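Report on the structure given below.
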Amino acid sequence: MRQRHGKGPLAGSAARFRTGAAAWLARAGLVARAGYDSTARRVRTFSAGPMTPHGTEPPAAGVELRPTASLYLSVGLVAGAVIALQIGIMRLFSVGSWAHFGSLVVSLAMLGFGLTSAIMCVRKGWFERHWQRVAMTSLLLFGPLMVAANLAAQQIPFNAIFLVSDPAQKWRLFGNFLLYMLPFLAGAFYLGTVFLKAQRIFGRVYFADLTGSGLCGLLFLGAMYLFTPENLLVVPLVLWFAGSALWCVAVERLRPIAWLCVTAVACAAVHFAAPAFDVPNLAVSDYKGVSYARKFPDAERVYERASPFGYLEVYSSSYLHFAPGLSDNAAFNLPAMPANAYLGLYIDGEGPSGIIRDLPANETAYFRFLPMIYPYLIKEAPDTFVVQFGGGISTAVALKSNSKSVTVAEGNPAVLGAFRNDKVLRDFTGDVLHNPKIKVIDYEGRLYLANTKDRFDIIDLSLADSAGLSNPGGFAIVEKFAYSREAMTSYMRALRDGGILSVTLWNKEEPPKSVLKLYATMAEAARQIDGGAITDRFFVTSSYLSTATVLYKRGGFTPEETTKLREHTRAMSFDEIYYPGFVYDSKDTASVLTDYKNSIFPDAPTEDPALPANGAKPPEGPPADNAPLPATTMGQMAWHHLVHGGWDDIARRYVFDTRLLTNDRPYFAAYVKPADLPRASDRLELLQDEWGFLLVWATLGIACIAALSLVLLPVAFGWRTIFSRNPGKFRTIVYFACLGAGYIMVEVGLISKFIQALSNATVSASVLITGMLVCSGFGSLVSERYFERARSIMPRIFLAIGALLIGYGLALDSVLDWIGTFPYALRLLFCFVLVFPPAFLMGFPMPIAMTSLSRLGKDHMFLWAWGINGCFSVVGAALVPVIATSFGLAAVLIFSGCAYLLAIVGFFAVLLPLAPAPARAAAA
């Protein structure tokens with residue numbers, strides 16, 4: 001009996017062994033200091049609370065969270081489920097609405113962590129007493145909330161296009177935010193509880209958190225090949241179930257696994273069964289291009305494929321009349337229009353990109369009425385390069401215009417795979433990619449031309465963005481590297497003497513915006529190539545609210561060529577914007593600029609002394625019958641001053657921002673000048689095509705307000721009682737704010753940068769998220785070795801991070817251009833190599849600081865700091881597009897580097913010990 005109750009000598013030896021082992025593990029840093037409860041057969045933890053006068057620590061309630069493999073795997077998988085859910089929401093919004101809102105909703109994940117931190121900070125004692133119940137409840141809710149929140153959010157008829165004009169849309173967007181925040185809150189409470197109970201091994205738990213997130217992000221990338229966007233939610237569900245089951249193993253409570261199994265099966269059943277009851281798990285906006293195609297009476301989807309490179313769909317219908325920039329005169333001059341000439345290609349619901357049928361010889365006259373025919377009017381049997389294959393229209397025009405050879409580039413492997421392997425598409429296009437005249441380049445054309453010694457007679461970049469720039473609001477934070485100044489100089493250098501660069505893009509804006517950016521970009525590129533003399537280098541034409549075409553000729557157009565091009569322009573009833581010898585009548589300059597400004601800011605004072613005060617229009621006579629439209633006049637004015645000088649003054653006076661595109665600022669949108677944003681706040685209905693850019697600023701404002709509120713919430717409830725003994729509070733806030741904002745800015749900024757080499761936003765995001773989190777996780781793990789020397793090591797770490805990030809901002813473009821020419825697998829490898837140095841070092845600051853707070857007994861500050869980091873991650877993510885569109889992507893990395901340098905000041909505040917307790921408290 002004595003031995004049965006642990007009273008004999010063997011039991012005593014065992015007890016001594018267990019106590020000694022626990023002490024050894026504590027010294028090794030593997031577990032918290034522990035005592036042994038022989039009755040409950042459980043180890044009880046000691047919190048990292050305030051040190052007593054004798055150097056001991058008071059015990060805290062609760063069962064110890066032991067550092068087992070199941071614990072680390074659970075943290076990694078649940079954190080991976082959070083990341084997978086974030087990327088999944090981005091995909092849902094990309095396909096169903098616009099990616100802007102996916103990014104905005106994902107920021108709620110970090111706000112969820114901030115809110116969780118604030119609540120746990122205020123009610124720390126309660127959470128320490130009930131931590132197992134909180135963790136298990138959070139896990140049981142995480143999966144069901146994923147499915148329920150998504151199904152409910154998809155039933156809200158949110159339409160981004162009417163965000164400005166329809167007040168109801170703001171509430172619907174708010175509803176999306178609240179719903180999608182719920183599962184992130186559940187995940188945050190679980191991870192927060194783990195962090196609270198694993199303070200002594202925070203570095204290792206943080207390693208599991210970061211590494212698990214990164215590797216699961218890579219797993220999600222692979223899952224995109226297997227699941228269509230509406231079913232990608234399966235991935236975070238599987239990760240959640242596995243992580244939850246491992247948590248039960250980690251805390252030795254196996255009974256809840258049965259409940260988890262039932263819950264997981266129910267979640268999957270509801271998700272897959274919901275569409276059968278007219279409850280879609282992905283509702284596509286009625287204003288997405290694919291929605292129109294699906295509603296055609298005879299619409300048929302002839303191709304579908306999901307991959308990380310986009311969700312590709314191809315539809316056939318007799319109602320699909322793509323006719324990109326087709327002259328109205330075609331209807332009067334062609335005996336018959338080609339019947340069923342197009343299929344519609346949609347990527348993530350955007351489009352259509354027209355896939356043209358292989359037209360017989362008696363129908364090829366149709367091509368003469370398309371704007372991309374221009375260079376072939378003066379070039380016979382050219383060697384042609386098509387910068388982007390897209391739907392194949394430019395390639396078909398090149399082949400039917402007797403090109404001697406056609407080199408075609410396409411950076412999206414999914415598009416090439418569809419045209420090469422699908423029988424329907426091969427039959428429809430005449431198996432165009434296997435035509436003996438064609439050579440295919442399987443990466444970005446701009447990268448090929450920047451590095452090749454080949455020279456071409458014609459280089460064509462036409463309508464590469466499907467319906468593209470007709471909806472600029474959708475491109476507020478979408479990088480367009482193919483149109484940058486650096487890309488244009490590459491195209492121009494790759495021309496033979498007398499070769500022609502032809503660029504056609506959609507021009508459906510009034511007042512004109514994106515087209516003016518293109519004009520400025522091409523003119524500046526030509527100056528770099530030709531040394532400033534560009535008066536005879538360009539021929540420009542447009543079709544009102546349709547397309548604009550810019551021709552650049554190496555060496556200049558001859559009078560005969562100019563005459564031939566002008567005759568064709570008149571025959572097509574297109575507008576002449578510029579040609580060698582064009583004479584612009586400057587009398588309309590002031591009135592056009594003022595009229596456009598008045599259309600947005602009617603109360604703006606005039607800057608021209610020749611005009612009446614208050615921006616009033618000058619007296620006008622009856623317009624001439626052949627008077628050009630204002631958009632045409634604006635284009636003519638732009639080219640006159642771009643060629644002959646004075647464009648900077650015109651751009652300053654024009655109502656919208658028309659700065660050229662560069663690899664550092666590859667954004668067609670961001671038209672509203674930042675200084676004009678306050679004046680535009682009461683007339684947003686006039687800027688509906690800028691909803692994407694306005695949303696970027698609104699997001700920043702909302703993020704700042706939300707972050708500040710959550711950061712100050714613990715202060716409001718416990719400034720004196722909770723933080724009174726914590727010195728250096730403000731600098732500590734600065735420290736963790738710099739880490740949160742700096743890290744996310746690097747991550748988001750590099751995602752945008754790496755598109756330059758990887759050619760796809762989803763792949764770039766997955767590579768960056770995976771690479772940074774895994775590398776930072778290893779940095780976190782290694783940081784434990786340097787904890788005792790943190791005071792001397794960390795300033796050097798911060799200086800190294802700052803130097804690397806600033807250096808990346810200044811020199812990364814050329815490296816990425818070089819990487820983009822390699823096979824895709826090597827590109828991915830090189831990108832991981834680039835990510836490693838800064839990301840590894842960025843893994844040090846957070847765990848060293850958090851471990852310091854824990855060992856100093858700053859428990860409440862430990863929780864609060866975690867929330868500050870999350871909240872300012874939201875601010876940083878919202879700040880990136882503002883900085884990028886205003887100052888450039890290099891500035892994002894430079895700002896991030898400065899944030900890490902600023903963190904040096906706050907780091908030493910983290911190391912300050914707690915102030916002594918008041919005498920009364922000590923006596924008590």
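Ligands are numbered from 1 in the order shown, chains are lettered A, B, ... in the order of the structure tokens, and residues start at 1 in each chain.
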Pick out the residues sitting within 9 Å of range 569-582 of chain A, and hand them over as an MDAnalysis selection string; count only C-alpha atoms, and ignore anything fewer than 4 positions along from it in its own chain.
chainID A and resid 326:330 369 535:544 556:559 562 564:565 628 632:633 635:637 639:640
Per-residue DSSP, range 504-620 of chain A, filtered to helix (DSSP H, G or I), as a PyMOL selection string:
chain A and resi 514-530+559-572+586-600+613-615
Pick from A:Ile257, A:Gly88, A:Phe428, A:Leu781, whichever lies nearest to Ala341 in chain A using only C-alpha atoms
A:Phe428
Test item: residues at most 7 Å from Leu914 in chain A, only C-alpha atoms, excluding those fewer than 2 positions along its chain, as a PyMOL selection string
chain A and resi 725-727+856+912+916
Suppose you want the space between CA of Gly354 in chain A and CA of Ile89 in chain A; what is it in Å?
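Separation between CA of Gly354 in chain A and CA of Ile89 in chain A: 28.4 Å.
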Residues within 6 Å of range 858-860 of chain A, please, as a PyMOL selection string. Count only C-alpha atoms; anything in the same chain fewer than 4 positions from it doesn't count.
chain A and resi 121+853-854
May I have the selected residues written with N, CA and C atoms, as a short mmCIF file (atom, residue, chain, number, x, y, z; two decimals), in the first residue's frame?
data_model
loop_
_atom_site.label_atom_id
_atom_site.label_comp_id
_atom_site.auth_asym_id
_atom_site.auth_seq_id
_atom_site.Cartn_x
_atom_site.Cartn_y
_atom_site.Cartn_z
N CYS A 121 -4.56 40.77 -22.66
CA CYS A 121 -3.75 41.62 -21.78
C CYS A 121 -4.59 42.13 -20.60
N LEU A 853 11.04 40.19 -22.36
CA LEU A 853 9.88 40.61 -21.59
C LEU A 853 9.44 39.51 -20.62
N SER A 854 9.47 38.27 -21.11
CA SER A 854 9.05 37.16 -20.27
C SER A 854 9.98 36.99 -19.08
#
To one decimal place, how far is CA of Phe296 in chain A from CA of Asn362 in chain A in Å?
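Value for the CA of Phe296 in chain A-CA of Asn362 in chain A distance: 28.8 Å.
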I want to know what sits within 10 Å of Ile534 in chain A, based on only C-alpha atoms, with residues of the same chain fewer than 4 positions away left out; could you give that as an MDAnalysis selection string?
chainID A and resid 523:524 526:527 529:530 538 552:556 580 642:644
Taking 3 positions as the minimum chain separation for residues in the same chain, which residues sit within 6 Å of range 758-775 of chain A when counting only C-alpha atoms? Answer as a PyMOL selection string.
chain A and resi 210-211+214-215+217-218+751+754-755+778+832+836+839-840
Print the selection's residues with N, CA and C atoms to a file, as a short mmCIF file (atom, residue, chain, number, x, y, z; two decimals), in the first residue's frame.
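Now in again_33.cif:
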data_model
loop_
_atom_site.label_atom_id
_atom_site.label_comp_id
_atom_site.auth_asym_id
_atom_site.auth_seq_id
_atom_site.Cartn_x
_atom_site.Cartn_y
_atom_site.Cartn_z
N LEU A 210 6.25 30.49 -37.50
CA LEU A 210 6.68 31.06 -38.78
C LEU A 210 6.94 29.98 -39.82
N THR A 211 7.66 28.94 -39.42
CA THR A 211 8.01 27.89 -40.39
C THR A 211 6.77 27.14 -40.86
N GLY A 214 4.93 29.33 -43.31
CA GLY A 214 5.58 29.39 -44.61
C GLY A 214 5.41 28.12 -45.41
N LEU A 215 5.66 26.96 -44.78
CA LEU A 215 5.56 25.69 -45.51
C LEU A 215 4.12 25.40 -45.92
N GLY A 217 1.97 27.70 -46.62
CA GLY A 217 1.73 28.58 -47.76
C GLY A 217 2.20 27.94 -49.05
N LEU A 218 3.35 27.25 -49.00
CA LEU A 218 3.85 26.55 -50.18
C LEU A 218 2.93 25.38 -50.54
N ILE A 751 6.89 41.20 -52.67
CA ILE A 751 5.92 40.50 -53.53
C ILE A 751 5.72 41.28 -54.83
N PHE A 754 8.99 41.09 -56.94
CA PHE A 754 9.32 39.79 -57.52
C PHE A 754 8.40 39.42 -58.68
N ILE A 755 7.27 40.11 -58.82
CA ILE A 755 6.45 39.91 -60.01
C ILE A 755 7.27 40.22 -61.26
N PHE A 778 13.85 30.17 -39.02
CA PHE A 778 15.19 29.68 -38.68
C PHE A 778 15.99 30.76 -37.95
N PHE A 832 14.28 32.58 -53.74
CA PHE A 832 14.46 32.13 -52.36
C PHE A 832 15.83 32.58 -51.82
N PHE A 836 16.57 35.08 -48.48
CA PHE A 836 17.16 34.51 -47.26
C PHE A 836 17.89 35.53 -46.38
N ALA A 839 15.50 38.07 -44.52
CA ALA A 839 14.46 37.37 -43.76
C ALA A 839 15.06 36.62 -42.58
N PHE A 840 16.21 36.01 -42.76
CA PHE A 840 16.86 35.29 -41.66
C PHE A 840 17.16 36.25 -40.51
#
In Å to one decimal, how far is CA of Glu410 in chain A from CA of Val387 in chain A?
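Taking CA of Val387 in chain A as the start and CA of Glu410 in chain A as the end point, the length is 7.4 Å.
Taking only C-alpha atoms into account, Leu812 in chain A lies nearest to A:Asn663 out of the set A:Thr137, A:Phe207, A:Thr228, A:Asn663.
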Tell me which of A:Ala706, A:Ser94, A:Val397, A:Ile801 sits closest to Ser873 in chain A, counting only C-alpha atoms.
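Going through A:Ala706, A:Ser94, A:Val397, A:Ile801 one by one, the smallest distance to Ser873 in chain A is for A:Ala706.
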